[in-house]
$ cat coords_36.cif   # mmCIF, C-alpha atoms
data_coords
#
loop_
_atom_site.label_atom_id
_atom_site.label_comp_id
_atom_site.auth_asym_id
_atom_site.auth_seq_id
_atom_site.Cartn_x
_atom_site.Cartn_y
_atom_site.Cartn_z
CA MET A 1 0.00 0.00 0.00
CA SER A 2 1.39 3.41 -0.96
CA ILE A 3 1.77 6.31 1.46
CA LEU A 4 -0.89 8.22 -0.47
CA CYS A 5 -3.32 5.30 -0.06
CA ILE A 6 -2.60 5.23 3.67
CA ASP A 7 -3.34 8.94 3.96
CA ASN A 8 -6.47 8.77 1.80
CA LYS A 9 -7.94 5.90 3.84
CA LEU A 10 -7.29 7.69 7.12
CA ARG A 11 -8.71 10.99 5.84
CA LYS A 12 -11.82 9.14 4.66
CA LEU A 13 -12.30 7.72 8.18
CA GLN A 14 -11.79 11.22 9.59
CA LYS A 15 -14.39 12.73 7.26
CA GLU A 16 -16.83 9.99 8.24
CA GLY A 17 -16.32 10.98 11.88
CA LEU A 18 -14.65 7.69 12.82
CA LEU A 19 -11.24 9.25 13.60
CA ASP A 20 -10.29 12.67 14.94
CA VAL A 21 -7.35 14.70 13.60
CA GLU A 22 -4.92 13.55 16.28
CA SER A 23 -5.78 9.90 15.64
CA VAL A 24 -5.23 10.37 11.90
CA LEU A 25 -1.82 11.93 12.54
CA TYR A 26 -0.76 9.16 14.90
CA LYS A 27 -2.12 6.27 12.82
CA ARG A 28 -0.56 7.75 9.65
CA SER A 29 2.80 7.96 11.40
CA GLU A 30 2.47 4.42 12.70
CA LEU A 31 1.61 2.99 9.27
CA ILE A 32 4.21 5.02 7.37
CA THR A 33 7.07 4.16 9.73
CA LYS A 34 6.11 0.51 9.40
CA HIS A 35 5.66 0.74 5.59
CA LEU A 36 9.07 2.40 5.15
CA ASN A 37 10.78 0.17 7.74
CA LEU A 38 11.92 3.24 9.65
CA ASN A 39 13.71 2.60 12.87
CA GLN A 40 11.98 5.28 14.91
CA SER A 41 8.81 5.63 16.92
CA PRO A 42 5.59 6.85 15.32
CA GLU A 43 5.57 9.73 17.84
CA ILE A 44 8.93 11.06 16.60
CA PHE A 45 7.82 10.78 12.97
CA MET A 46 4.48 12.45 13.77
CA ASN A 47 6.16 15.38 15.53
CA TYR A 48 8.69 15.81 12.74
CA PHE A 49 5.97 15.66 10.06
CA SER A 50 3.65 18.06 11.89
CA ASN A 51 6.41 20.56 12.61
CA ASN A 52 7.57 20.62 9.01
CA PHE A 53 4.15 20.41 7.35
CA GLY A 54 3.24 23.66 9.08
CA LYS A 55 6.24 25.34 7.43
CA THR A 56 5.03 24.81 3.88
CA ALA A 57 2.52 26.57 1.70
CA ILE A 58 1.85 25.97 -1.96
CA GLU A 59 -0.29 28.66 -3.52
CA ILE A 60 -2.88 27.58 -6.03
CA ASN A 61 -2.82 29.62 -9.22
CA GLY A 62 -5.16 32.58 -8.82
CA ALA A 63 -5.68 32.19 -5.06
CA ARG A 64 -4.03 35.44 -3.98
CA ASN A 65 -5.97 37.62 -6.44
CA LEU A 66 -9.25 35.92 -5.63
CA ILE A 67 -8.79 36.14 -1.86
CA LYS A 68 -7.76 39.78 -2.05
CA TYR A 69 -10.78 40.58 -4.24
CA LEU A 70 -13.23 38.65 -2.05
CA SER A 71 -11.88 40.18 1.17
CA GLN A 72 -12.78 43.64 -0.15
CA LYS A 73 -16.40 42.56 -0.73
CA TYR A 74 -17.07 39.89 1.90
CA LEU A 75 -16.14 38.74 5.37
CA LEU A 76 -13.78 35.81 4.69
CA CYS A 77 -13.30 32.97 7.13
CA ALA A 78 -10.95 30.01 6.70
CA THR A 79 -12.19 26.56 7.70
CA SER A 80 -10.20 23.35 8.01
CA ASN A 81 -10.32 19.88 9.50
CA GLY A 82 -6.75 20.28 10.61
CA ILE A 83 -4.60 21.51 13.44
CA PHE A 84 -5.03 25.23 14.20
CA SER A 85 -1.36 26.12 14.58
CA ILE A 86 -0.39 24.31 11.37
CA GLN A 87 -3.18 25.79 9.25
CA LYS A 88 -2.73 29.32 10.61
CA ASN A 89 1.02 29.17 10.02
CA ARG A 90 0.59 27.92 6.45
CA LEU A 91 -1.66 30.90 5.67
CA LYS A 92 0.85 33.21 7.34
CA ILE A 93 3.73 31.81 5.26
CA ALA A 94 1.65 32.34 2.11
CA LYS A 95 0.89 35.88 3.35
CA LEU A 96 -2.83 35.21 3.04
CA ASP A 97 -3.78 35.25 6.73
CA GLU A 98 -4.33 39.01 6.73
CA PHE A 99 -7.31 38.64 4.38
CA PHE A 100 -9.30 36.40 6.74
CA PHE A 101 -11.59 37.68 9.49
CA ARG A 102 -11.65 34.40 11.42
CA PHE A 103 -10.16 30.92 11.34
CA TYR A 104 -12.43 27.96 12.13
CA ILE A 105 -10.25 24.92 12.59
CA SER A 106 -11.70 21.63 13.82
CA ASP A 107 -9.24 21.02 16.65
CA LYS A 108 -10.28 24.36 18.23
CA ILE A 109 -14.00 23.99 17.53
CA GLY A 110 -14.30 20.37 18.61
CA TYR A 111 -16.17 19.27 15.49
CA GLU A 112 -15.08 18.49 11.95
CA LYS A 113 -16.71 19.12 8.59
CA PRO A 114 -19.09 17.71 7.40
CA ASN A 115 -20.59 17.53 10.93
CA GLN A 116 -23.43 20.04 11.12
CA ARG A 117 -22.20 21.17 14.54
CA PHE A 118 -19.09 22.58 12.80
CA PHE A 119 -21.26 24.81 10.61
CA THR A 120 -23.63 25.69 13.48
CA TYR A 121 -20.67 26.84 15.55
CA ILE A 122 -19.53 29.20 12.80
CA LEU A 123 -23.00 30.57 12.12
CA ASN A 124 -23.56 31.25 15.82
CA ASP A 125 -20.12 32.79 16.28
CA LEU A 126 -20.64 35.17 13.36
CA ASN A 127 -24.31 35.77 14.27
CA LEU A 128 -25.39 35.12 10.69
CA ASN A 129 -28.21 33.25 8.96
CA LYS A 130 -27.70 30.38 6.54
CA GLN A 131 -28.57 32.52 3.52
CA ASP A 132 -25.79 34.97 4.49
CA ILE A 133 -22.92 32.56 3.85
CA ILE A 134 -21.46 30.45 1.08
CA MET A 135 -18.92 27.65 1.42
CA LEU A 136 -16.07 27.55 -1.07
CA GLY A 137 -14.29 24.22 -0.89
CA ASP A 138 -12.38 21.54 -2.75
CA SER A 139 -13.58 18.54 -0.77
CA LEU A 140 -16.91 17.09 -1.90
CA GLN A 141 -17.24 15.08 1.31
CA SER A 142 -16.22 17.64 3.95
CA ASP A 143 -16.92 21.05 2.46
CA ILE A 144 -19.62 20.57 -0.12
CA LYS A 145 -21.74 17.76 1.35
CA GLY A 146 -21.34 19.40 4.74
CA ALA A 147 -22.67 22.69 3.37
CA PHE A 148 -25.46 20.90 1.47
CA ASN A 149 -26.57 18.93 4.54
CA PHE A 150 -26.50 22.11 6.61
CA GLY A 151 -28.56 23.98 4.02
CA ILE A 152 -26.10 26.59 2.78
CA ASP A 153 -24.96 27.42 -0.73
CA SER A 154 -21.58 26.23 -1.91
CA ILE A 155 -19.00 26.60 -4.65
CA TYR A 156 -17.17 23.38 -5.42
CA PHE A 157 -13.62 24.00 -6.60
CA ASN A 158 -13.21 20.90 -8.75
CA LYS A 159 -9.52 21.40 -9.49
CA ASN A 160 -9.09 17.84 -10.77
CA ASN A 161 -12.18 17.86 -13.02
CA LEU A 162 -13.74 14.90 -11.22
CA LYS A 163 -17.13 13.56 -12.30
CA THR A 164 -19.61 14.92 -9.78
CA ASN A 165 -23.18 14.63 -8.63
CA LYS A 166 -24.46 18.15 -9.20
CA LYS A 167 -27.16 17.95 -6.56
CA PHE A 168 -24.69 18.68 -3.74
CA PHE A 169 -23.45 22.14 -4.69
CA THR A 170 -24.77 25.45 -5.94
CA PHE A 171 -21.86 26.24 -8.27
CA GLU A 172 -18.90 24.32 -9.68
CA VAL A 173 -15.63 25.80 -10.96
CA ASN A 174 -12.47 24.20 -12.26
CA LYS A 175 -10.33 27.34 -11.99
CA LEU A 176 -10.37 29.84 -9.16
CA ASN A 177 -10.67 32.70 -11.65
CA ASP A 178 -14.15 31.41 -12.56
CA ILE A 179 -15.34 32.51 -9.10
CA PHE A 180 -15.04 36.15 -10.16
CA ASN A 181 -18.07 35.49 -12.40
CA ILE A 182 -20.09 34.16 -9.44
CA LEU A 183 -19.29 36.52 -6.56
#
$ encode --input "coords_36.cif" --output "structure tokens"
Amino acid sequence: MSILCIDNKLRKLQKEGLLDVESVLYKRSELITKHLNLNQSPEIFMNYFSNNFGKTAIEINGARNLIKYLSQKYLLCATSNGIFSIQKNRLKIAKLDEFFFRFYISDKIGYEKPNQRFFTYILNDLNLNKQDIIMLGDSLQSDIKGAFNFGIDSIYFNKNNLKTNKKFFTFEVNKLNDIFNIL
């Protein structure tokens, strides 16, 4: 089994609510160290991976212009099923953190997308109604189905042009620049 398969299986369990973020990180480390026959504990690997993962940021083409544009028109909030310090640092490295009003990260909230409690928490914190927000996301399972099940509009960023079931999202784009035509 490849490392990517290991990660995908664990993320799937996380999105189904069967594993929390910390369990995914530990189990991934355990399976990868075993798979690669590394002579170190999963804890050491996990700490090394987490510390270094938070020091990287790869900007998607068009993201900076879109985020800057949207932040001038809307209240932007970042959401993630990750670790707060890692996600916040990655946005800081990319110099995108300044455009976001709030950061809603699952390990701080206590719930993960697509759990409706994740979305309820945000709505209550911002004191908004469902029709006042739109979810922009690249994960059909976490972002888009979560938004659909909660009853809010969504824009699915289908960067890999996957075949989709259109009933789960309001809009679909393959390039971030297409969002300028929507918002």
$ residues_around --input "coords_36.cif" --residues "Met135 (chain A)" --least-positions-apart "4" --cutoff "8 Å" --atoms "all atoms listed in the file" --output "list in words"
Asp143, Ile144, Ala147, Ile152, Asp153, Ser154 and Ile155 of chain A
$ closest_atom_pairs --input "coords_36.cif" --of "region 4-105 of chain A" --to "region 115-134 of chain A" --cutoff "10 Å" --atoms "only C-alpha atoms" --output "JSON lines"
{"residue": "A:Lys15", "atom": "CA", "partner": "A:Asn115", "partner_atom": "CA", "distance": 8.7}
{"residue": "A:Glu16", "atom": "CA", "partner": "A:Asn115", "partner_atom": "CA", "distance": 8.8}
{"residue": "A:Gly17", "atom": "CA", "partner": "A:Asn115", "partner_atom": "CA", "distance": 7.9}
{"residue": "A:Tyr74", "atom": "CA", "partner": "A:Ile133", "partner_atom": "CA", "distance": 9.6}
{"residue": "A:Leu75", "atom": "CA", "partner": "A:Ile133", "partner_atom": "CA", "distance": 9.3}
{"residue": "A:Leu76", "atom": "CA", "partner": "A:Ile133", "partner_atom": "CA", "distance": 9.7}
{"residue": "A:Cys77", "atom": "CA", "partner": "A:Ile122", "partner_atom": "CA", "distance": 9.2}
{"residue": "A:Thr79", "atom": "CA", "partner": "A:Ile122", "partner_atom": "CA", "distance": 9.3}
{"residue": "A:Asn81", "atom": "CA", "partner": "A:Phe118", "partner_atom": "CA", "distance": 9.8}
{"residue": "A:Arg102", "atom": "CA", "partner": "A:Leu126", "partner_atom": "CA", "distance": 9.2}
{"residue": "A:Phe103", "atom": "CA", "partner": "A:Ile122", "partner_atom": "CA", "distance": 9.6}
{"residue": "A:Tyr104", "atom": "CA", "partner": "A:Ile122", "partner_atom": "CA", "distance": 7.2}
{"residue": "A:Ile105", "atom": "CA", "partner": "A:Phe118", "partner_atom": "CA", "distance": 9.1}
$ residues_around --input "coords_36.cif" --residues "region 45-50 of chain A" --least-positions-apart "6" --cutoff "9 Å" --atoms "all atoms listed in the file" --output "PDB file with C-alpha atoms, keeping the file's coordinate frame"
ATOM      1  CA  LEU A  25      -1.820  11.930  12.540  1.00  0.00           C
ATOM      2  CA  TYR A  26      -0.760   9.160  14.900  1.00  0.00           C
ATOM      3  CA  ARG A  28      -0.560   7.750   9.650  1.00  0.00           C
ATOM      4  CA  SER A  29       2.800   7.960  11.400  1.00  0.00           C
ATOM      5  CA  GLU A  30       2.470   4.420  12.700  1.00  0.00           C
ATOM      6  CA  ILE A  32       4.210   5.020   7.370  1.00  0.00           C
ATOM      7  CA  THR A  33       7.070   4.160   9.730  1.00  0.00           C
ATOM      8  CA  ILE A  86      -0.390  24.310  11.370  1.00  0.00           C
TER       9      ILE A  86
END
$ atom_distance --input "coords_36.cif" --atom1 "CA of Gln87 (chain A)" --atom2 "CA of Asn61 (chain A)"
18.9 Å
$ atom_distance --input "coords_36.cif" --atom1 "CA of Leu31 (chain A)" --atom2 "CA of Thr56 (chain A)"
22.7 Å
$ resolve_selection --input "coords_36.cif" --expression "the PyMOL selection byres ((chain A and resi 11) around 12)" --output "MDAnalysis selection string"
chainID A and resid 4:10 12:25 27:28 81:82 112:113 139 141:142
$ closest_residue --input "coords_36.cif" --among "A:Gln72, A:Ser80, A:Leu140, A:Phe148" --to "Asn160 (chain A)" --atoms "all atoms listed in the file"
A:Leu140
$ closest_residue --input "coords_36.cif" --among "A:Asn181, A:Tyr111, A:Asn89, A:Asn149" --to "Phe168 (chain A)" --atoms "only C-alpha atoms"
A:Asn149
$ atom_distance --input "coords_36.cif" --atom1 "CA of Thr170 (chain A)" --atom2 "CA of Gly62 (chain A)"
21.1 Å
$ residues_near_point --input "coords_36.cif" --point "(0.3, 28.3, -2.3)" --cutoff "10 Å" --atoms "all atoms listed in the file" --output "PyMOL selection string"
chain A and resi 56-64+90-91+93-96
